[in-house]
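Data file: data.txt. Format and content: compact mmCIF, C-alpha atoms.
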```txt
# COMPACT_ATOMS: atom_id res chain seq x y z
CA MET X 1 -22.57 27.36 -55.67
CA LYS X 2 -19.43 25.28 -55.82
CA GLU X 3 -21.48 22.09 -55.59
CA TYR X 4 -23.84 23.25 -58.36
CA TYR X 5 -20.99 23.87 -60.81
CA HIS X 6 -19.30 20.63 -59.81
CA ARG X 7 -22.47 18.68 -60.64
CA ARG X 8 -23.13 20.72 -63.77
CA ALA X 9 -19.63 20.31 -65.28
CA PRO X 10 -20.40 17.37 -67.62
CA GLU X 11 -23.40 19.19 -69.12
CA TYR X 12 -22.38 22.85 -68.73
CA ASP X 13 -21.55 23.35 -72.41
CA ASP X 14 -25.09 22.38 -73.41
CA TRP X 15 -25.90 26.06 -72.84
CA TYR X 16 -23.11 27.19 -75.19
CA HIS X 17 -24.53 24.82 -77.81
CA GLY X 18 -27.97 26.43 -77.52
CA ALA X 19 -29.71 23.40 -76.02
CA PHE X 20 -32.09 25.51 -73.94
CA TYR X 21 -33.51 27.53 -76.83
CA ASP X 22 -36.08 26.83 -79.55
CA ASP X 23 -34.88 26.48 -83.16
CA GLU X 24 -35.10 30.18 -84.08
CA GLU X 25 -33.44 31.38 -80.88
CA ARG X 26 -30.79 28.63 -81.10
CA GLU X 27 -29.80 29.75 -84.60
CA SER X 28 -29.44 33.36 -83.45
CA PHE X 29 -27.60 32.33 -80.28
CA ILE X 30 -25.10 30.09 -82.08
CA ALA X 31 -24.42 32.70 -84.78
CA GLU X 32 -23.72 35.34 -82.15
CA ARG X 33 -21.66 32.91 -80.09
CA ALA X 34 -19.46 32.44 -83.18
CA GLU X 35 -19.01 36.24 -83.32
CA LEU X 36 -18.03 36.21 -79.65
CA GLU X 37 -15.48 33.45 -80.30
CA ARG X 38 -13.96 35.45 -83.18
CA LEU X 39 -13.77 38.58 -81.05
CA ILE X 40 -11.99 36.74 -78.24
CA ALA X 41 -9.56 35.09 -80.67
CA ALA X 42 -8.79 38.52 -82.20
CA LEU X 43 -7.68 40.07 -78.89
CA ALA X 44 -3.98 40.94 -78.82
CA PRO X 45 -1.99 38.01 -77.42
CA ALA X 46 -1.28 38.53 -73.72
CA ARG X 47 -0.44 36.69 -70.53
CA THR X 48 -4.05 36.14 -69.48
CA LEU X 49 -5.79 34.80 -66.41
CA ASP X 50 -9.22 33.36 -67.26
CA VAL X 51 -11.16 33.56 -63.98
CA ALA X 52 -14.01 31.10 -63.52
CA CYS X 53 -12.91 29.43 -66.74
CA GLY X 54 -15.38 26.59 -66.23
CA THR X 55 -15.10 23.98 -68.95
CA GLY X 56 -12.64 26.04 -70.99
CA PHE X 57 -15.22 26.67 -73.70
CA LEU X 58 -14.08 30.30 -74.15
CA THR X 59 -10.57 29.70 -72.76
CA ARG X 60 -9.60 27.89 -75.95
CA TYR X 61 -10.08 31.10 -77.97
CA LEU X 62 -7.91 33.35 -75.80
CA PRO X 63 -4.61 34.25 -77.51
CA GLY X 64 -1.31 34.25 -75.67
CA GLU X 65 -0.10 32.51 -72.54
CA ILE X 66 -3.26 31.44 -70.70
CA VAL X 67 -3.92 30.35 -67.13
CA GLY X 68 -7.45 29.17 -66.32
CA LEU X 69 -8.72 29.35 -62.76
CA ASP X 70 -11.88 27.76 -61.39
CA GLN X 71 -13.17 26.63 -57.99
CA SER X 72 -14.45 23.32 -59.37
CA ASP X 73 -12.03 20.48 -60.07
CA ALA X 74 -14.77 18.86 -62.20
CA MET X 75 -14.93 21.96 -64.43
CA LEU X 76 -11.14 22.05 -64.66
CA ALA X 77 -11.05 18.39 -65.73
CA VAL X 78 -13.28 19.26 -68.70
CA ALA X 79 -11.25 22.42 -69.43
CA ARG X 80 -7.98 20.46 -69.58
CA GLU X 81 -9.51 18.31 -72.34
CA GLN X 82 -11.20 21.15 -74.23
CA ALA X 83 -8.41 23.75 -74.01
CA PRO X 84 -5.23 21.72 -73.41
CA ASP X 85 -2.83 24.55 -74.29
CA ALA X 86 -3.67 26.49 -71.13
CA ASP X 87 -2.38 25.90 -67.61
CA TYR X 88 -5.00 25.44 -64.89
CA VAL X 89 -5.26 26.34 -61.22
CA LEU X 90 -7.91 25.32 -58.70
CA GLY X 91 -8.63 28.51 -56.82
CA ASP X 92 -10.91 31.24 -55.50
CA ALA X 93 -11.86 34.24 -57.67
CA PHE X 94 -12.18 36.38 -54.53
CA ALA X 95 -8.65 35.62 -53.29
CA LEU X 96 -6.63 35.06 -56.46
CA PRO X 97 -3.51 32.99 -55.69
CA PHE X 98 -1.19 35.21 -57.73
CA ALA X 99 1.16 38.10 -56.99
CA ASP X 100 0.27 41.68 -57.90
CA GLY X 101 0.66 42.34 -61.63
CA SER X 102 1.14 38.67 -62.56
CA PHE X 103 -0.92 39.03 -65.75
CA GLU X 104 -1.39 41.52 -68.57
CA ARG X 105 -5.09 40.70 -68.89
CA LEU X 106 -7.77 39.13 -66.74
CA PHE X 107 -10.64 37.64 -68.73
CA THR X 108 -13.88 36.33 -67.31
CA GLY X 109 -16.81 34.91 -69.23
CA HIS X 110 -20.27 34.63 -67.65
CA PHE X 111 -18.98 34.94 -64.10
CA TYR X 112 -19.35 38.63 -63.28
CA GLY X 113 -23.10 38.45 -63.93
CA HIS X 114 -23.51 35.99 -61.04
CA LEU X 115 -21.99 38.31 -58.44
CA GLU X 116 -23.97 40.27 -55.89
CA PRO X 117 -22.71 43.75 -54.86
CA PRO X 118 -20.17 42.82 -52.12
CA GLU X 119 -18.76 40.01 -54.28
CA ARG X 120 -18.42 42.38 -57.26
CA GLU X 121 -16.30 44.80 -55.24
CA THR X 122 -14.06 42.01 -53.95
CA PHE X 123 -13.65 40.46 -57.38
CA LEU X 124 -12.88 43.78 -59.10
CA GLY X 125 -10.28 44.57 -56.43
CA GLU X 126 -8.59 41.23 -57.03
CA ALA X 127 -8.84 41.57 -60.81
CA ARG X 128 -7.18 45.03 -60.74
CA ARG X 129 -4.52 43.74 -58.37
CA VAL X 130 -3.31 40.95 -60.67
CA ALA X 131 -3.83 42.47 -64.15
CA ALA X 132 -3.79 45.86 -65.85
CA GLU X 133 -6.61 45.02 -68.28
CA LEU X 134 -9.96 43.44 -67.47
CA VAL X 135 -12.16 41.89 -70.18
CA VAL X 136 -15.64 40.83 -69.13
CA ALA X 137 -17.97 38.81 -71.39
CA ASP X 138 -21.47 38.29 -70.07
CA ALA X 139 -25.16 38.13 -70.92
CA ALA X 140 -26.89 41.02 -72.70
CA ARG X 141 -30.16 42.43 -71.36
CA ARG X 142 -32.90 40.14 -72.74
CA PRO X 143 -36.65 40.44 -73.15
CA GLY X 144 -38.44 38.23 -70.68
CA HIS X 145 -35.73 38.60 -68.03
CA GLU X 146 -35.33 41.05 -65.20
CA PRO X 147 -31.98 42.87 -65.14
CA ASP X 148 -31.24 40.95 -61.91
CA GLU X 149 -33.03 37.69 -61.11
CA TRP X 150 -32.83 34.47 -59.18
CA GLN X 151 -33.15 31.47 -61.47
CA GLN X 152 -33.94 27.88 -60.56
CA ARG X 153 -31.50 25.78 -62.57
CA PRO X 154 -32.04 22.04 -62.92
CA VAL X 155 -29.17 19.59 -63.28
CA SER X 156 -29.57 16.20 -64.96
CA ASP X 157 -29.06 14.46 -61.62
CA GLY X 158 -32.51 15.76 -60.59
CA THR X 159 -31.36 18.56 -58.31
CA VAL X 160 -32.42 22.19 -58.77
CA TRP X 161 -30.20 25.09 -57.71
CA PRO X 162 -30.98 28.78 -57.10
CA VAL X 163 -28.56 30.92 -59.16
CA PHE X 164 -28.32 34.71 -59.13
CA LYS X 165 -28.05 36.09 -62.69
CA ARG X 166 -27.71 39.59 -64.14
CA PHE X 167 -28.23 40.78 -67.72
CA PHE X 168 -26.31 43.85 -68.91
CA LEU X 169 -26.68 46.89 -71.09
CA PRO X 170 -23.21 47.64 -72.52
CA GLU X 171 -22.95 51.11 -70.93
CA GLN X 172 -24.03 49.70 -67.55
CA LEU X 173 -21.18 47.19 -67.61
CA VAL X 174 -18.67 49.90 -68.62
CA ASP X 175 -19.84 52.05 -65.69
CA GLU X 176 -19.65 49.17 -63.20
CA LEU X 177 -16.11 48.36 -64.28
CA GLY X 178 -15.05 51.98 -63.79
CA GLY X 179 -14.80 52.90 -67.47
CA GLY X 180 -13.58 51.20 -70.60
CA ASP X 181 -14.66 50.24 -74.07
CA VAL X 182 -17.53 48.15 -75.39
CA LEU X 183 -15.95 45.48 -77.59
CA PHE X 184 -19.21 43.73 -78.42
CA ALA X 185 -22.89 44.51 -77.87
CA GLY X 186 -25.23 41.90 -79.27
CA ARG X 187 -28.60 40.38 -78.65
CA TRP X 188 -27.10 37.64 -76.44
CA PHE X 189 -23.64 38.80 -75.34
CA VAL X 190 -21.85 41.92 -74.12
CA VAL X 191 -18.05 42.26 -73.91
CA VAL X 192 -16.28 45.16 -72.24
CA SER X 193 -12.59 45.94 -71.86
CA SER X 194 -11.60 48.08 -68.88
```
As structure tokens, how would this structure be written, given the file I've shared?
Amino acid sequence: MKEYYHRRAPEYDDWYHGAFYDDEERESFIAERAELERLIAALAPARTLDVACGTGFLTRYLPGEIVGLDQSDAMLAVAREQAPDADYVLGDAFALPFADGSFERLFTGHFYGHLEPPERETFLGEARRVAAELVVADAARRPGHEPDEWQQRPVSDGTVWPVFKRFFLPEQLVDELGGGDVLFAGRWFVVVSS
């Protein structure tokens, strides 16, 4: 997976801009993405670790003192340009390179939905170790998609990569995180605080 995200870094934000949807879906997606951005920006300022920050597309909306972590140096290079007010660390989401309680909040956008069961447990253990609050933004359950599926994702360099992807009902995500509050439940996105 590391290689996929490294290759995808220059074009990763095409998805956030709705490039993979027809005109009607793109309009709906972009409108809801703007709601997601406002919700993230309205969180109380906190010392926040953004795990799997990718290109920093959502990182730039997080309020407070922000540290972005990603396994791809190519993603982090884009993030440094897009969200220059954050600090960045190259690292592993399953072995976070921070002491216990280093952050008030751990945020992750569109990462949790790629994790299979053993990875979920490891990640949640690490998240709880370094931060008291966990905020997860991910994909809402969508017509035409299985709740869990393997997707074949092409990259502009001609390669195609298998990627595990999950789509969530809000209550399902709350349960998986061990309780919490639904902050946003839309057609495209779900955000839960735990």
Excluding X:Gly158 and any residue of its chain fewer than 5 positions from it, enumerate the residues within 12 Å of it, using only C-alpha atoms, and give them as a ChimeraX atom specification.
/X:4,7-8,153
Show which residues sit within 8 Å of X:Ile30, as number ranges by chain. Count all atoms listed in the file, and ignore same-chain residues fewer than 2 positions away.
X: 16-18, 26-28, 32-34
Tell me, as a ChimeraX atom specification, which residues lie within 10 Å of X:Pro170, counting all atoms listed in the file; anything in the same chain fewer than 3 positions away does not count.
/X:138-141,167,173-175,181-186,189-192
Can you work out the spacing between atom CA of X:Ala86 and atom CA of X:Gly68 in Å, to one decimal?
6.7 Å
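Closest approach to X:Gly113 among X:Glu176, X:Asp14, X:Asp100, X:Glu24 is made by X:Glu176 (distances from all atoms listed in the file).
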Just the number, please: distance in Å from atom CA of X:Pro97 to atom CA of X:Leu69, one decimal.
9.5 Å
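Pairwise distance (atom CA of X:Trp150, atom CA of X:Ala137) equals 19.7 Å.
Ranking X:Ala77, X:Leu49, X:Val160, X:Ala95 by their shortest atom-to-atom distance to X:Ala131, with all atoms listed in the file included, puts X:Leu49 first.
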Test item: axis-aligned box, all listed atoms of stretch 109-120 of chain X, 4 Å on each side, centre and edges in Å rounded to one decimal, as AutoDock Vina command-line options:
```
--center_x -20.4 --center_y 39.2 --center_z -60.7 --size_x 15.2 --size_y 17.1 --size_z 25.1
```
